Structures are given as C-alpha cells and as structure tokens.
file query.cif (mmCIF, C-alpha atoms and all ligand atoms)
data_data
loop_
_atom_site.label_atom_id
_atom_site.label_comp_id
_atom_site.auth_asym_id
_atom_site.auth_seq_id
_atom_site.Cartn_x
_atom_site.Cartn_y
_atom_site.Cartn_z
CA MET A 1 112.04 67.94 116.52
CA ARG A 2 108.94 67.38 114.43
CA THR A 3 106.85 69.59 112.11
CA THR A 4 104.59 69.45 109.06
CA VAL A 5 106.80 71.44 106.67
CA GLY A 6 110.54 71.69 107.21
CA ILE A 7 111.88 74.78 105.44
CA ILE A 8 115.60 75.12 104.75
CA GLY A 9 116.71 78.74 104.32
CA ALA A 10 115.40 82.09 105.55
CA GLY A 11 115.80 84.16 102.41
CA PRO A 12 112.65 85.68 100.92
CA ALA A 13 111.47 82.25 99.65
CA GLY A 14 111.70 80.43 102.98
CA LEU A 15 110.41 83.34 105.06
CA LEU A 16 107.39 84.04 102.87
CA LEU A 17 106.54 80.34 102.62
CA ALA A 18 106.55 80.07 106.44
CA ARG A 19 104.24 83.10 106.63
CA LEU A 20 101.81 81.78 103.98
CA LEU A 21 101.68 78.38 105.69
CA HIS A 22 101.10 80.01 109.08
CA ASN A 23 98.16 81.92 107.57
CA ALA A 24 96.79 78.63 106.19
CA GLY A 25 97.07 76.92 109.59
CA ILE A 26 99.99 74.68 108.56
CA ASP A 27 102.94 74.53 110.91
CA SER A 28 106.56 74.76 109.83
CA VAL A 29 110.09 75.11 111.15
CA VAL A 30 112.65 77.29 109.33
CA LEU A 31 116.36 76.41 109.53
CA GLU A 32 118.79 79.17 108.51
CA SER A 33 122.55 78.65 108.53
CA ARG A 34 123.48 82.34 108.91
CA ASP A 35 122.73 84.73 111.78
CA ARG A 36 119.84 87.19 111.73
CA SER A 37 121.92 90.26 111.07
CA TYR A 38 123.61 88.66 108.04
CA VAL A 39 120.25 87.73 106.49
CA GLU A 40 118.86 91.20 107.15
CA HIS A 41 121.76 93.09 105.63
CA ARG A 42 122.80 91.04 102.60
CA GLN A 43 122.42 93.42 99.61
CA ARG A 44 120.21 92.07 96.84
CA ALA A 45 117.78 93.53 94.31
CA GLY A 46 114.85 95.74 95.17
CA ILE A 47 112.12 95.70 92.53
CA LEU A 48 108.79 94.12 93.46
CA GLU A 49 106.35 93.24 90.70
CA GLN A 50 102.71 94.21 91.18
CA GLY A 51 101.87 90.55 91.93
CA THR A 52 104.60 90.36 94.60
CA VAL A 53 103.30 93.53 96.24
CA ASP A 54 99.78 92.06 96.28
CA VAL A 55 101.01 88.78 97.82
CA LEU A 56 102.98 90.55 100.58
CA ARG A 57 99.97 92.72 101.42
CA ALA A 58 97.57 89.77 101.50
CA ALA A 59 100.03 87.89 103.74
CA GLY A 60 99.94 90.75 106.25
CA ALA A 61 103.54 91.73 105.47
CA GLY A 62 102.90 94.89 103.48
CA GLU A 63 102.51 97.58 106.11
CA ARG A 64 106.01 99.12 106.05
CA MET A 65 106.34 98.41 102.31
CA ASP A 66 103.25 100.54 101.69
CA ARG A 67 104.68 103.32 103.85
CA GLU A 68 108.29 103.32 102.66
CA GLY A 69 108.26 101.62 99.25
CA LEU A 70 108.40 103.80 96.14
CA ARG A 71 105.89 103.13 93.40
CA HIS A 72 107.53 103.34 89.97
CA ASP A 73 105.50 103.80 86.81
CA GLY A 74 108.35 103.40 84.35
CA ILE A 75 112.02 102.95 83.58
CA GLU A 76 114.37 104.79 81.29
CA LEU A 77 116.37 103.08 78.55
CA ARG A 78 119.47 105.03 77.66
CA PHE A 79 121.52 104.34 74.53
CA ALA A 80 123.47 106.35 71.99
CA LYS A 81 123.18 109.31 74.45
CA GLN A 82 119.39 109.24 73.97
CA ARG A 83 116.79 108.70 76.67
CA HIS A 84 113.63 106.70 76.21
CA ARG A 85 111.02 106.30 78.94
CA VAL A 86 108.92 103.13 79.10
CA ASP A 87 105.54 103.99 80.63
CA PHE A 88 104.33 100.88 82.50
CA PRO A 89 100.70 101.74 83.36
CA GLY A 90 100.08 103.18 79.89
CA LEU A 91 101.37 100.05 78.17
CA THR A 92 100.05 97.36 80.54
CA GLY A 93 96.63 98.62 81.49
CA GLY A 94 97.67 100.09 84.82
CA ARG A 95 100.46 97.93 86.23
CA SER A 96 103.52 99.36 87.97
CA VAL A 97 106.35 98.10 90.21
CA MET A 98 107.53 98.94 93.74
CA VAL A 99 111.08 99.83 94.74
CA TYR A 100 111.49 98.21 98.16
CA ALA A 101 114.74 96.42 98.94
CA GLN A 102 114.90 92.69 99.52
CA THR A 103 116.69 93.38 102.83
CA GLU A 104 113.56 95.22 104.00
CA VAL A 105 111.22 92.44 102.80
CA CYS A 106 113.33 89.98 104.82
CA LYS A 107 113.35 92.20 107.94
CA ASP A 108 109.54 92.51 107.82
CA LEU A 109 109.01 88.76 107.35
CA ILE A 110 111.50 87.85 110.09
CA ALA A 111 109.81 90.18 112.58
CA LEU A 112 106.40 88.67 111.76
CA GLN A 113 107.66 85.11 111.98
CA LEU A 114 109.33 85.65 115.36
CA LYS A 115 106.22 87.36 116.71
CA GLU A 116 103.47 85.13 115.35
CA GLY A 117 104.86 82.18 113.43
CA GLY A 118 106.53 78.85 114.12
CA PRO A 119 110.18 78.34 115.06
CA LEU A 120 112.79 80.16 112.98
CA LEU A 121 116.26 78.98 113.97
CA PHE A 122 119.27 81.06 112.97
CA GLU A 123 122.74 79.53 112.82
CA ALA A 124 121.05 76.20 112.14
CA GLU A 125 122.76 74.60 109.15
CA ALA A 126 120.98 71.84 107.25
CA LEU A 127 123.47 69.08 106.49
CA GLU A 128 121.35 66.67 104.50
CA VAL A 129 117.79 65.84 103.47
CA GLU A 130 117.00 62.16 103.92
CA GLY A 131 114.09 59.97 102.85
CA ALA A 132 112.53 62.32 100.28
CA GLU A 133 110.70 59.39 98.65
CA SER A 134 109.43 58.05 101.96
CA GLY A 135 106.37 59.30 103.80
CA ARG A 136 108.62 60.83 106.47
CA PRO A 137 111.43 62.97 105.11
CA ARG A 138 114.01 64.31 107.58
CA VAL A 139 116.50 67.14 107.69
CA ARG A 140 119.75 66.53 109.55
CA PHE A 141 121.05 69.85 110.85
CA ARG A 142 123.58 71.42 113.22
CA HIS A 143 122.51 74.01 115.78
CA GLU A 144 124.38 75.37 118.81
CA GLY A 145 127.18 72.88 118.31
CA ARG A 146 124.89 69.83 118.27
CA GLU A 147 123.54 67.66 115.49
CA ASP A 148 119.80 67.22 115.45
CA VAL A 149 117.06 65.84 113.18
CA LEU A 150 113.89 67.60 111.99
CA GLU A 151 111.17 65.04 111.15
CA CYS A 152 108.70 66.38 108.56
CA GLU A 153 105.83 65.52 106.29
CA TYR A 154 107.31 67.74 103.61
CA VAL A 155 110.70 69.39 103.18
CA VAL A 156 111.20 72.55 101.12
CA GLY A 157 114.66 73.60 100.00
CA CYS A 158 114.63 77.41 99.99
CA ASP A 159 118.37 77.33 100.57
CA GLY A 160 119.56 79.30 97.56
CA PHE A 161 121.99 78.34 94.83
CA TRP A 162 124.63 76.95 97.24
CA GLY A 163 122.19 74.96 99.39
CA VAL A 164 122.03 71.24 100.19
CA ALA A 165 118.42 70.35 99.26
CA ARG A 166 119.12 69.96 95.54
CA LYS A 167 121.77 67.34 96.36
CA ALA A 168 119.04 65.00 97.63
CA PHE A 169 117.67 64.64 94.08
CA PRO A 170 118.88 61.41 92.40
CA ALA A 171 121.41 62.14 89.65
CA GLY A 172 119.20 60.34 87.12
CA LEU A 173 116.28 62.67 87.89
CA SER A 174 118.05 66.06 87.89
CA ARG A 175 118.44 68.04 84.69
CA VAL A 176 120.38 71.28 84.76
CA PHE A 177 120.16 74.05 82.14
CA GLU A 178 122.77 76.68 82.57
CA ARG A 179 124.62 79.63 81.08
CA THR A 180 127.33 81.81 82.55
CA TYR A 181 128.22 85.25 81.24
CA PRO A 182 131.71 86.71 80.79
CA TYR A 183 130.74 89.75 82.88
CA ALA A 184 129.56 90.65 86.39
CA TRP A 185 128.05 93.68 88.12
CA LEU A 186 130.02 95.96 90.41
CA GLY A 187 127.31 97.37 92.71
CA ILE A 188 127.58 100.36 95.02
CA LEU A 189 125.40 101.99 97.64
CA ALA A 190 125.95 105.73 97.92
CA ASP A 191 124.62 108.37 100.28
CA VAL A 192 123.29 110.66 97.59
CA ALA A 193 119.80 111.33 96.25
CA PRO A 194 119.16 109.31 93.05
CA SER A 195 120.01 111.41 89.99
CA HIS A 196 116.78 110.33 88.33
CA ASP A 197 113.40 109.51 89.83
CA GLU A 198 113.12 106.23 87.89
CA LEU A 199 115.58 103.42 87.15
CA VAL A 200 117.93 104.02 84.22
CA TYR A 201 119.19 101.05 82.19
CA ALA A 202 122.09 102.26 80.04
CA ARG A 203 123.70 100.55 77.07
CA HIS A 204 127.14 101.91 76.19
CA ASP A 205 130.06 100.65 74.08
CA ARG A 206 132.10 100.53 77.33
CA GLY A 207 129.46 98.30 78.96
CA PHE A 208 126.16 98.38 80.80
CA ALA A 209 125.28 100.66 83.74
CA LEU A 210 122.19 100.80 85.95
CA LEU A 211 120.94 103.57 88.18
CA SER A 212 118.63 102.35 90.95
CA MET A 213 117.82 103.49 94.46
CA ARG A 214 117.02 102.37 97.98
CA SER A 215 115.31 105.54 99.25
CA PRO A 216 115.01 109.22 98.30
CA SER A 217 118.48 109.75 99.82
CA VAL A 218 120.32 106.50 98.94
CA SER A 219 121.39 105.54 95.41
CA ARG A 220 122.15 102.02 94.23
CA LEU A 221 124.27 101.91 91.07
CA TYR A 222 125.82 99.13 89.02
CA LEU A 223 128.57 98.90 86.41
CA GLN A 224 129.22 95.98 84.11
CA VAL A 225 132.75 94.66 84.85
CA PRO A 226 134.61 91.54 83.66
CA ALA A 227 133.68 88.30 85.48
CA GLY A 228 136.01 87.69 88.42
CA THR A 229 136.62 91.42 89.12
CA ASP A 230 137.65 92.28 92.70
CA ALA A 231 135.46 95.17 93.97
CA GLU A 232 138.42 96.60 95.86
CA ALA A 233 140.32 97.02 92.57
CA TRP A 234 138.03 99.96 91.80
CA ARG A 235 138.68 103.25 93.60
CA ASP A 236 135.55 105.28 94.40
CA GLU A 237 136.43 108.10 92.00
CA GLU A 238 137.09 105.61 89.20
CA ILE A 239 133.62 104.14 89.73
CA TRP A 240 131.95 107.55 89.52
CA ASP A 241 134.00 108.50 86.43
CA GLU A 242 132.99 105.30 84.66
CA LEU A 243 129.32 105.65 85.65
CA GLU A 244 129.36 109.19 84.34
CA ARG A 245 130.72 108.06 80.96
CA ARG A 246 128.18 105.29 80.53
CA PHE A 247 125.20 107.44 81.57
CA GLU A 248 126.21 110.35 79.32
CA THR A 249 123.33 112.02 77.45
CA ASP A 250 123.13 114.75 74.87
CA ASP A 251 120.99 116.92 77.16
CA ASP A 252 121.87 118.51 80.51
CA TRP A 253 121.27 115.43 82.73
CA ARG A 254 123.91 115.09 85.43
CA LEU A 255 125.01 112.24 87.69
CA GLU A 256 125.33 113.41 91.31
CA ARG A 257 128.17 111.87 93.34
CA GLY A 258 128.23 111.03 97.03
CA PRO A 259 130.07 108.91 99.59
CA ILE A 260 130.12 105.20 98.66
CA THR A 261 129.12 103.12 101.69
CA GLN A 262 129.19 99.63 100.18
CA LYS A 263 130.82 97.94 97.20
CA SER A 264 130.43 94.38 95.92
CA VAL A 265 130.54 92.25 92.78
CA THR A 266 127.62 90.03 91.68
CA PRO A 267 128.29 87.24 89.17
CA MET A 268 125.83 86.72 86.30
CA ARG A 269 124.32 83.34 85.66
CA SER A 270 121.22 81.70 84.18
CA TYR A 271 120.39 78.33 85.78
CA VAL A 272 117.37 76.04 85.99
CA HIS A 273 117.15 72.73 87.84
CA GLU A 274 114.34 70.44 86.67
CA PRO A 275 112.21 69.06 88.19
CA MET A 276 111.51 71.08 91.36
CA ARG A 277 110.00 68.15 93.23
CA HIS A 278 111.28 64.75 94.26
CA GLY A 279 108.78 62.81 96.36
CA ARG A 280 108.12 64.94 99.44
CA LEU A 281 111.02 67.30 98.79
CA PHE A 282 110.36 70.58 96.94
CA LEU A 283 112.72 73.32 95.74
CA ALA A 284 111.77 77.00 95.65
CA GLY A 285 113.57 80.22 94.71
CA ASP A 286 117.30 80.37 93.98
CA ALA A 287 117.66 76.71 95.05
CA ALA A 288 116.00 75.80 91.75
CA HIS A 289 116.77 78.70 89.42
CA ILE A 290 118.95 81.75 88.93
CA VAL A 291 118.42 84.63 86.53
CA PRO A 292 120.94 87.37 85.74
CA PRO A 293 119.78 90.47 87.66
CA THR A 294 119.09 92.65 84.61
CA GLY A 295 115.33 92.14 84.65
CA ALA A 296 115.06 92.15 88.49
CA LYS A 297 113.18 88.84 88.41
CA GLY A 298 114.99 86.73 91.10
CA LEU A 299 112.97 87.73 94.14
CA ASN A 300 109.68 87.81 92.19
CA LEU A 301 110.22 84.28 90.90
CA ALA A 302 110.89 83.05 94.44
CA VAL A 303 107.59 84.61 95.53
CA GLY A 304 105.75 82.90 92.66
CA ASP A 305 107.16 79.51 93.66
CA VAL A 306 106.19 79.71 97.33
CA VAL A 307 102.70 81.06 96.59
CA THR A 308 102.14 78.08 94.29
CA LEU A 309 103.53 75.67 96.88
CA ALA A 310 101.60 77.13 99.82
CA ARG A 311 98.35 76.82 97.84
CA ALA A 312 99.17 73.23 96.90
CA LEU A 313 99.91 72.31 100.52
CA ALA A 314 96.72 74.03 101.73
CA HIS A 315 94.74 72.23 99.01
CA GLU A 316 96.17 68.90 100.17
CA LYS A 317 95.31 69.70 103.76
CA GLU A 318 91.72 70.71 102.92
CA THR A 319 90.82 68.08 100.34
CA GLY A 320 93.36 65.31 100.87
CA SER A 321 94.27 65.59 97.19
CA PRO A 322 97.99 65.80 96.29
CA GLU A 323 97.05 66.93 92.77
CA LEU A 324 98.49 70.46 93.04
CA LEU A 325 101.64 69.18 94.74
CA GLU A 326 102.14 66.84 91.82
CA THR A 327 101.87 69.66 89.27
CA TYR A 328 103.94 72.14 91.37
CA SER A 329 107.08 71.73 89.29
CA THR A 330 105.46 72.07 85.85
CA THR A 331 103.30 74.99 87.02
CA CYS A 332 106.33 76.90 88.33
CA LEU A 333 108.60 76.04 85.42
CA ARG A 334 106.31 77.66 82.85
CA ARG A 335 106.68 81.02 84.58
CA ILE A 336 110.35 80.46 85.38
CA TRP A 337 111.27 79.85 81.73
CA GLN A 338 109.46 83.04 80.70
CA ALA A 339 111.51 84.93 83.29
CA GLU A 340 114.69 83.19 82.11
CA ARG A 341 113.92 84.28 78.56
CA PHE A 342 113.19 87.88 79.57
CA SER A 343 116.28 88.14 81.81
CA TYR A 344 118.47 86.74 79.06
CA ASP A 345 116.98 89.17 76.51
CA MET A 346 117.45 92.18 78.79
CA THR A 347 121.00 91.08 79.61
CA THR A 348 122.11 90.55 76.01
CA LEU A 349 120.30 93.71 74.90
CA LEU A 350 122.35 95.91 77.21
CA HIS A 351 125.75 94.28 77.95
CA THR A 352 128.84 94.19 75.76
CA SER A 353 130.73 90.93 75.45
CA PRO A 354 134.47 90.52 74.72
CA GLU A 355 133.66 88.50 71.58
CA ASP A 356 131.16 91.07 70.25
CA THR A 357 131.81 92.52 66.81
CA PRO A 358 130.66 95.96 65.57
CA PHE A 359 127.77 94.05 63.98
CA ASP A 360 126.56 92.94 67.44
CA ALA A 361 126.70 96.52 68.69
CA ARG A 362 124.57 97.71 65.75
CA LEU A 363 122.08 94.89 66.40
CA GLN A 364 121.71 95.97 70.04
CA LEU A 365 121.01 99.52 68.93
CA ALA A 366 118.47 98.23 66.40
CA ARG A 367 116.74 96.17 69.11
CA LEU A 368 116.64 99.20 71.42
CA GLY A 369 115.42 101.40 68.57
CA ARG A 370 112.58 98.99 67.91
CA ILE A 371 111.49 99.09 71.56
CA ALA A 372 111.65 102.89 71.51
CA SER A 373 109.62 103.28 68.32
CA PHE A 374 107.33 100.28 68.00
CA ARG A 375 104.60 100.06 70.61
CA ALA A 376 104.17 96.28 70.44
CA ALA A 377 107.87 95.75 71.24
CA GLU A 378 107.74 98.27 74.09
CA THR A 379 104.56 96.69 75.45
CA ASP A 380 106.25 93.29 75.45
CA LEU A 381 109.04 94.70 77.64
CA ALA A 382 106.62 96.51 79.97
CA GLU A 383 104.43 93.42 80.41
CA ALA A 384 107.40 91.23 81.28
CA TYR A 385 109.05 93.80 83.57
CA THR A 386 105.92 94.44 85.62
CA GLY A 387 105.35 90.70 85.93
CA PHE A 388 104.06 87.47 84.54
CA PRO A 389 100.72 86.31 85.95
CA LEU A 390 100.78 83.74 88.73
CA ASP A 391 99.52 80.58 87.11
CA VAL A 392 97.88 78.94 90.12
N1 LIG B 1 121.09 75.29 105.86
C1 LIG B 1 120.31 76.35 106.22
N2 LIG B 1 120.20 77.48 105.48
C2 LIG B 1 120.91 77.54 104.34
C3 LIG B 1 121.72 76.48 103.89
C4 LIG B 1 121.80 75.30 104.72
N3 LIG B 1 122.55 74.27 104.37
N4 LIG B 1 122.29 76.84 102.71
C5 LIG B 1 121.84 78.08 102.43
N5 LIG B 1 121.02 78.52 103.40
C6 LIG B 1 120.32 79.82 103.49
C7 LIG B 1 121.18 81.01 103.09
O1 LIG B 1 121.98 81.46 104.15
C8 LIG B 1 120.10 82.01 102.71
O2 LIG B 1 119.70 82.81 103.80
O3 LIG B 1 119.26 79.82 102.56
C9 LIG B 1 118.93 81.17 102.25
C10 LIG B 1 118.66 81.31 100.77
O4 LIG B 1 118.21 82.62 100.52
P1 LIG B 1 118.43 83.40 99.14
O5 LIG B 1 119.78 83.08 98.60
O6 LIG B 1 118.08 84.80 99.37
O7 LIG B 1 117.40 82.69 98.14
P2 LIG B 1 115.81 82.83 98.00
O8 LIG B 1 115.13 82.90 99.31
O9 LIG B 1 115.44 81.78 97.03
O10 LIG B 1 115.62 84.26 97.36
C11 LIG B 1 115.50 84.52 96.01
O11 LIG B 1 115.90 86.59 94.79
O12 LIG B 1 116.86 88.67 94.44
C12 LIG B 1 116.99 87.31 94.23
O13 LIG B 1 118.91 85.92 94.24
C13 LIG B 1 118.18 86.84 94.97
O14 LIG B 1 118.20 85.92 97.14
C14 LIG B 1 117.46 86.29 96.16
C15 LIG B 1 116.46 85.50 95.45
C1 LIG B 2 118.51 97.02 92.42
O1 LIG B 2 117.98 98.06 92.81
O2 LIG B 2 119.34 96.42 93.13
C2 LIG B 2 118.19 96.48 91.08
C3 LIG B 2 117.21 97.11 90.33
C4 LIG B 2 116.92 96.63 89.06
C5 LIG B 2 117.59 95.54 88.56
C6 LIG B 2 118.55 94.90 89.32
C7 LIG B 2 118.86 95.38 90.58
O3 LIG B 2 117.30 95.11 87.30
#

call {"tool": "encode", "arguments": {"input": "query.cif", "output": "structure tokens"}}
result
Amino acid sequence: MRTTVGIIGAGPAGLLLARLLHNAGIDSVVLESRDRSYVEHRQRAGILEQGTVDVLRAAGAGERMDREGLRHDGIELRFAKQRHRVDFPGLTGGRSVMVYAQTEVCKDLIALQLKEGGPLLFEAEALEVEGAESGRPRVRFRHEGREDVLECEYVVGCDGFWGVARKAFPAGLSRVFERTYPYAWLGILADVAPSHDELVYARHDRGFALLSMRSPSVSRLYLQVPAGTDAEAWRDEEIWDELERRFETDDDWRLERGPITQKSVTPMRSYVHEPMRHGRLFLAGDAAHIVPPTGAKGLNLAVGDVVTLARALAHEKETGSPELLETYSTTCLRRIWQAERFSYDMTTLLHTSPEDTPFDARLQLARLGRIASFRAAETDLAEAYTGFPLDV
C-alpha cells in the first residue's frame, strides 16, 4: 500500500487531519487498531472551543454539531457553598464554547471519511514506524490477520498516549516533561436532565466535583477520587450522595438524581513530548501531550495540532517549501504549554491533595475569591477556557 500521508490512529486528531488533507487535495490512509464501534463510543470530554467549532464547520463537519451542540456562554465556580458565574462573552469580547461530545465529533468525521475520503482501516494495528529520517517512511501494520506495509511520504502519529509512533524517535532526541496527580476522576453518565444549564466546577474540602452534560436529558458528572480507584467500588447511591455533598450551596439549588448508565475512572496526568517532529514523522494530539481534563483542553489541543500540520503540508505541496513543516513542533508547543499551564492551574485550584495542609485550602479559596472579585483574574480564566488563538 502507498499514500502521501500515513495517519496512525482514528481519534479526533487522526480523523480531522484526514479530512483537512482531503479538502486540500492531499491523499492519506488512516490505520486504526480498534473497531469502529469502540472508537465511536469511547467516553471522553465534550467541550469545543470557539476555534475548534470554526475549524469543524470550515472542514464541512459541523452540520450535526450546529443542530445538536449546546452553546454555552459561561461556567459556574462553586466554593464555600457560594456560586460564581463566569460570563464568557462579556469577558472575552464575544467568545463562547460548545458542548458537543467527542464521541459525536468522531462519528461525524468517520461518516464523512468513509463517504468522501481516503481509506480508513479499522482493526489495523500499526506495529512500527520505519525510516522516519529517510525520504520514504513506512508503517508496518497488521490487518485481517496479515502483516502489511504502508509506504508514505509523511507519517503522522495520532495514536494517543499508548501509541507506537513516539517510539520511533531516537532516545537522544526525545525529551519528556511529566507530572502525575494523586487523584483521578470517577465519571458517570446518567439519564437525568442536567441540574444546571451550565457546567459547574466545584471545590470542596472532600474533593472536586464537576457537573457537565451530553444533551438536555443526559448528565455527565465527575467526582475526584484517589488515583487507582476501581469504579465498581462505588455504588450508585454512594456516588449521588457524594456529589450532593460536594455541590452543596447555601441557596435552594438541588442535584437531581437519575439512573446511572455508565461509570469509569480517568487518571490525571500532565505530559509533553518534545519535539513533535523527527524527519518525516510527526506527532499530533495525545501522542505528544496529555493535560488533566479539568480545563477541557485535550481535544482542542489535538485540533490545533492537526490544523497546523495540514496547513504546513498544503504549503509544502503548493510552494515546495518545507518551512512550515520545519516549524511545526515549535509552533504547536507554544500553544500546548499555555494549555498545560492552564490545565495545571485549574486542576490545582479545585482538587484536594492528600499532602495538603489547611494553609493550602485557604490559598485555594483566596485564588477562587480573586477570580470571583477581580475582573482581570476572571478575564484570564475566561480567555484561556474559551481558547488560545491558533498560531498558524
Ligand atoms: N495502531 C493504530 N491505531 C492506534 C494504535 C496503533 N498502534 N495505538 C493507538 N491507536 C489509536 C487508538 O485506538 C485511538 O483510536 O489511536 C487513537 C488515538 O485517539 P485518542 O486517544 O482519542 O487521541 P487523539 O486523537 O489525539 O485525541 C485527543 O482529546 O479529549 C482528549 O484525550 C482525549 O482522546 C482525546 C484527545
Ligand atoms: C465533560 O463533559 O466530559 C467535561 C467537561 C468539562 C471538563 C472535562 C470534561 O473540564
């Protein structure tokens, strides 16, 4: 098999890259180790920055998003039983975000790719990337019980944190920056209307809680739990009781309960692999960086990477100049480190750690108080939450 751009992984990064390349007249093949249903149903975050919404629309993938997505003009911060709304358009000159689940973004992009795009092979596992420094990189992969080779001009590892593409970087080139957290998120989906019409980020001495949603009738809620927690160790009623405690207010707000249809635990990690390019091999999305989910930046960062890369590849095709491909890594990393900083700040602002002292708790409340009462601090949060500009 032969193509211009070999893409490993059909998460949002790989799927959107294939679509952007298709629109630019560049052919690609996508290899995905899992089956279609797995990719379409894996629960992930669901907040699209304004820039992500614009990119999906311009790529021709925004039709259902515009029909079913929910525009959100703010979030609520909840601490010390108080509620503080952060008004995005008012603070950012009109920006907002869209609640539209990553599963739905993936379904839309898969349908488009199968209808109009190049080959997208499910249950095709990349085994190794070879010859990244040569003019002809290759991906060895296994599909339908056979080993095969995909010959490419460029290979892009969109294969997530556990993928194989990163392993093709020489040890002397790779630098990893990493932090793990002593907590995780227990996430549930519940068949009940969201108890608030915007997301609620709650800081509580017992730990963080988040109220989010998938639709007007499906709630998505998270509880901070110790790292390594087994989701099955929590009974449904215990989850609701704990959520209720952490969301408690001093007014008459109430958390509505409903049947829990899905339960899982997400670990929390910050991770950056530098650089994101080695010869003709590029990394994009979770393959190169992970943020803790508190700022909802993971999917949006992946979109930023592939937009930058698609433009660089189109530029090379049109002008013959590899200039933008050569600056791909530094261009992306500027934005990535801003998202790492924001995600870390949001995480440490709202979670409790086993080694925290009462002093740390007071500091968190002071930081939240400053956001709630000092417009510049609130604006800083709103700007970062609604999205960093795409530096392309
Ligand atoms: N061969 C083929 N496919 C692979 C391989 C492999 N060896 N290893 C991993 N994959 C596939 C995974 O099955 C997955 O479908 O690569 C895909 C990676 O997708 P994601 O993990 O979703 O990563 P990405 O596309 O970068 O999306 C960015 O945003 O909300 C965040 O972390 C969340 O997934 C999200 C991310
Ligand atoms: C989600 O809806 O899954 C979600 C929303 C906001 C976050 C993280 C996850 O910060």

call {"tool": "atom_distance", "arguments": {"input": "query.cif", "atom1": "CA of Arg166 in chain A", "atom2": "CA of Ala296 in chain A"}}
result
23.6 Å

call {"tool": "closest_residue", "arguments": {"input": "query.cif", "among": "A:Arg142, A:Arg367, A:Arg44, A:Arg179", "to": "ligand LIG 1 (chain B)", "atoms": "only C-alpha atoms and all ligand atoms"}}
result
A:Arg44

call {"tool": "residues_near_ligand", "arguments": {"input": "query.cif", "ligand": "ligand LIG 1 (chain B)", "cutoff": "6 Å", "atoms": "all atoms listed in the file", "output": "count of residues only"}}
result
30

call {"tool": "residues_around", "arguments": {"input": "query.cif", "residues": "range 350-356 of chain A", "least_positions_apart": "4", "cutoff": "8 Å", "atoms": "all atoms listed in the file", "output": "PyMOL selection string"}}
result
chain A and resi 182-183+201-208+224+346+360-361+364

call {"tool": "residues_near_ligand", "arguments": {"input": "query.cif", "ligand": "ligand LIG 2 (chain B)", "cutoff": "8 Å", "atoms": "all atoms listed in the file", "output": "PyMOL selection string"}}
result
chain A and resi 43-47+99+101+199+210-214+220-221+293-297

call {"tool": "closest_atom_pairs", "arguments": {"input": "query.cif", "of": "range 303-332 of chain A", "to": "range 54-73 of chain A", "cutoff": "12 Å", "atoms": "all atoms listed in the file", "output": "Markdown table"}}
result
| residue | atom | partner | partner_atom | distance |
| --- | --- | --- | --- | --- |
| A:Val303 | CA | A:Val55 | CA | 8.1 |
| A:Gly304 | CA | A:Val55 | CA | 9.1 |
| A:Asp305 | CA | A:Val55 | CA | 11.9 |
| A:Val306 | CA | A:Val55 | CA | 10.5 |
| A:Val307 | CA | A:Val55 | CA | 8.0 |
| A:Thr308 | CA | A:Val55 | CA | 11.3 |
| A:Ala310 | CA | A:Ala59 | CA | 11.6 |

call {"tool": "residues_around", "arguments": {"input": "query.cif", "residues": "Tyr271 in chain A", "least_positions_apart": "2", "cutoff": "6 Å", "atoms": "all atoms listed in the file", "output": "PDB file with C-alpha atoms, in the coordinates of the input"}}
result
ATOM      1  CA  PHE A 177     120.160  74.050  82.140  1.00  0.00           C
ATOM      2  CA  GLU A 178     122.770  76.680  82.570  1.00  0.00           C
ATOM      3  CA  HIS A 289     116.770  78.700  89.420  1.00  0.00           C
ATOM      4  CA  ILE A 290     118.950  81.750  88.930  1.00  0.00           C
TER       5      ILE A 290
END

call {"tool": "atom_distance", "arguments": {"input": "query.cif", "atom1": "CA of Phe161 in chain A", "atom2": "CA of Asn300 in chain A"}}
result
15.8 Å

call {"tool": "residues_around", "arguments": {"input": "query.cif", "residues": "Ser264 in chain A", "least_positions_apart": "6", "cutoff": "9 Å", "atoms": "only C-alpha atoms", "output": "list of chain:residue names"}}
result
A:Gln43, A:Trp185, A:Leu186, A:Gly187, A:Ile188, A:Asp230, A:Ala231, A:Glu232

call {"tool": "residues_near_point", "arguments": {"input": "query.cif", "point": "(124.1, 117.3, 76.1)", "cutoff": "12 Å", "atoms": "all atoms listed in the file", "output": "JSON, numbers by chain"}}
result
{"A": [80, 81, 82, 83, 247, 248, 249, 250, 251, 252, 253, 254]}

call {"tool": "atom_distance", "arguments": {"input": "query.cif", "atom1": "CA of Gln113 in chain A", "atom2": "CA of Ala18 in chain A"}}
result
7.6 Å

call {"tool": "axis_aligned_box", "arguments": {"input": "query.cif", "around": "range 374-391 of chain A", "padding_each_side": "4 Å", "output": "JSON"}}
result
{"center_x": 104.3, "center_y": 90.4, "center_z": 78.4, "size_x": 17.5, "size_y": 27.7, "size_z": 28.7}

call {"tool": "decode", "arguments": {"input": "query.cif", "residues": "range 124-148 of chain A", "atoms": "C-alpha atoms", "output": "PDB file, in the first residue's frame"}}
result
ATOM      1  CA  ALA A 124      -5.485  -2.220  11.561  1.00  0.00           C
ATOM      2  CA  GLU A 125      -2.774  -2.008  14.205  1.00  0.00           C
ATOM      3  CA  ALA A 126       0.421  -0.102  13.447  1.00  0.00           C
ATOM      4  CA  LEU A 127       3.378  -2.121  14.720  1.00  0.00           C
ATOM      5  CA  GLU A 128       6.272   0.170  13.912  1.00  0.00           C
ATOM      6  CA  VAL A 129       7.267   3.304  12.006  1.00  0.00           C
ATOM      7  CA  GLU A 130      10.438   2.800   9.999  1.00  0.00           C
ATOM      8  CA  GLY A 131      12.727   5.155   8.116  1.00  0.00           C
ATOM      9  CA  ALA A 132      11.494   8.453   9.601  1.00  0.00           C
ATOM     10  CA  GLU A 133      14.733  10.189   8.562  1.00  0.00           C
ATOM     11  CA  SER A 134      14.625   8.786   5.045  1.00  0.00           C
ATOM     12  CA  GLY A 135      12.621  10.228   2.174  1.00  0.00           C
ATOM     13  CA  ARG A 136      10.282   7.223   2.325  1.00  0.00           C
ATOM     14  CA  PRO A 137       8.975   6.429   5.786  1.00  0.00           C
ATOM     15  CA  ARG A 138       6.899   3.252   6.231  1.00  0.00           C
ATOM     16  CA  VAL A 139       4.371   1.943   8.701  1.00  0.00           C
ATOM     17  CA  ARG A 140       4.364  -1.792   9.367  1.00  0.00           C
ATOM     18  CA  PHE A 141       0.868  -2.837  10.402  1.00  0.00           C
ATOM     19  CA  ARG A 142      -1.383  -5.857  10.948  1.00  0.00           C
ATOM     20  CA  HIS A 143      -4.814  -6.063   9.334  1.00  0.00           C
ATOM     21  CA  GLU A 144      -7.146  -9.051   8.932  1.00  0.00           C
ATOM     22  CA  GLY A 145      -4.531 -11.398  10.314  1.00  0.00           C
ATOM     23  CA  ARG A 146      -1.813 -10.332   7.855  1.00  0.00           C
ATOM     24  CA  GLU A 147       1.201  -8.072   8.176  1.00  0.00           C
ATOM     25  CA  ASP A 148       1.447  -5.330   5.598  1.00  0.00           C
TER      26      ASP A 148
END
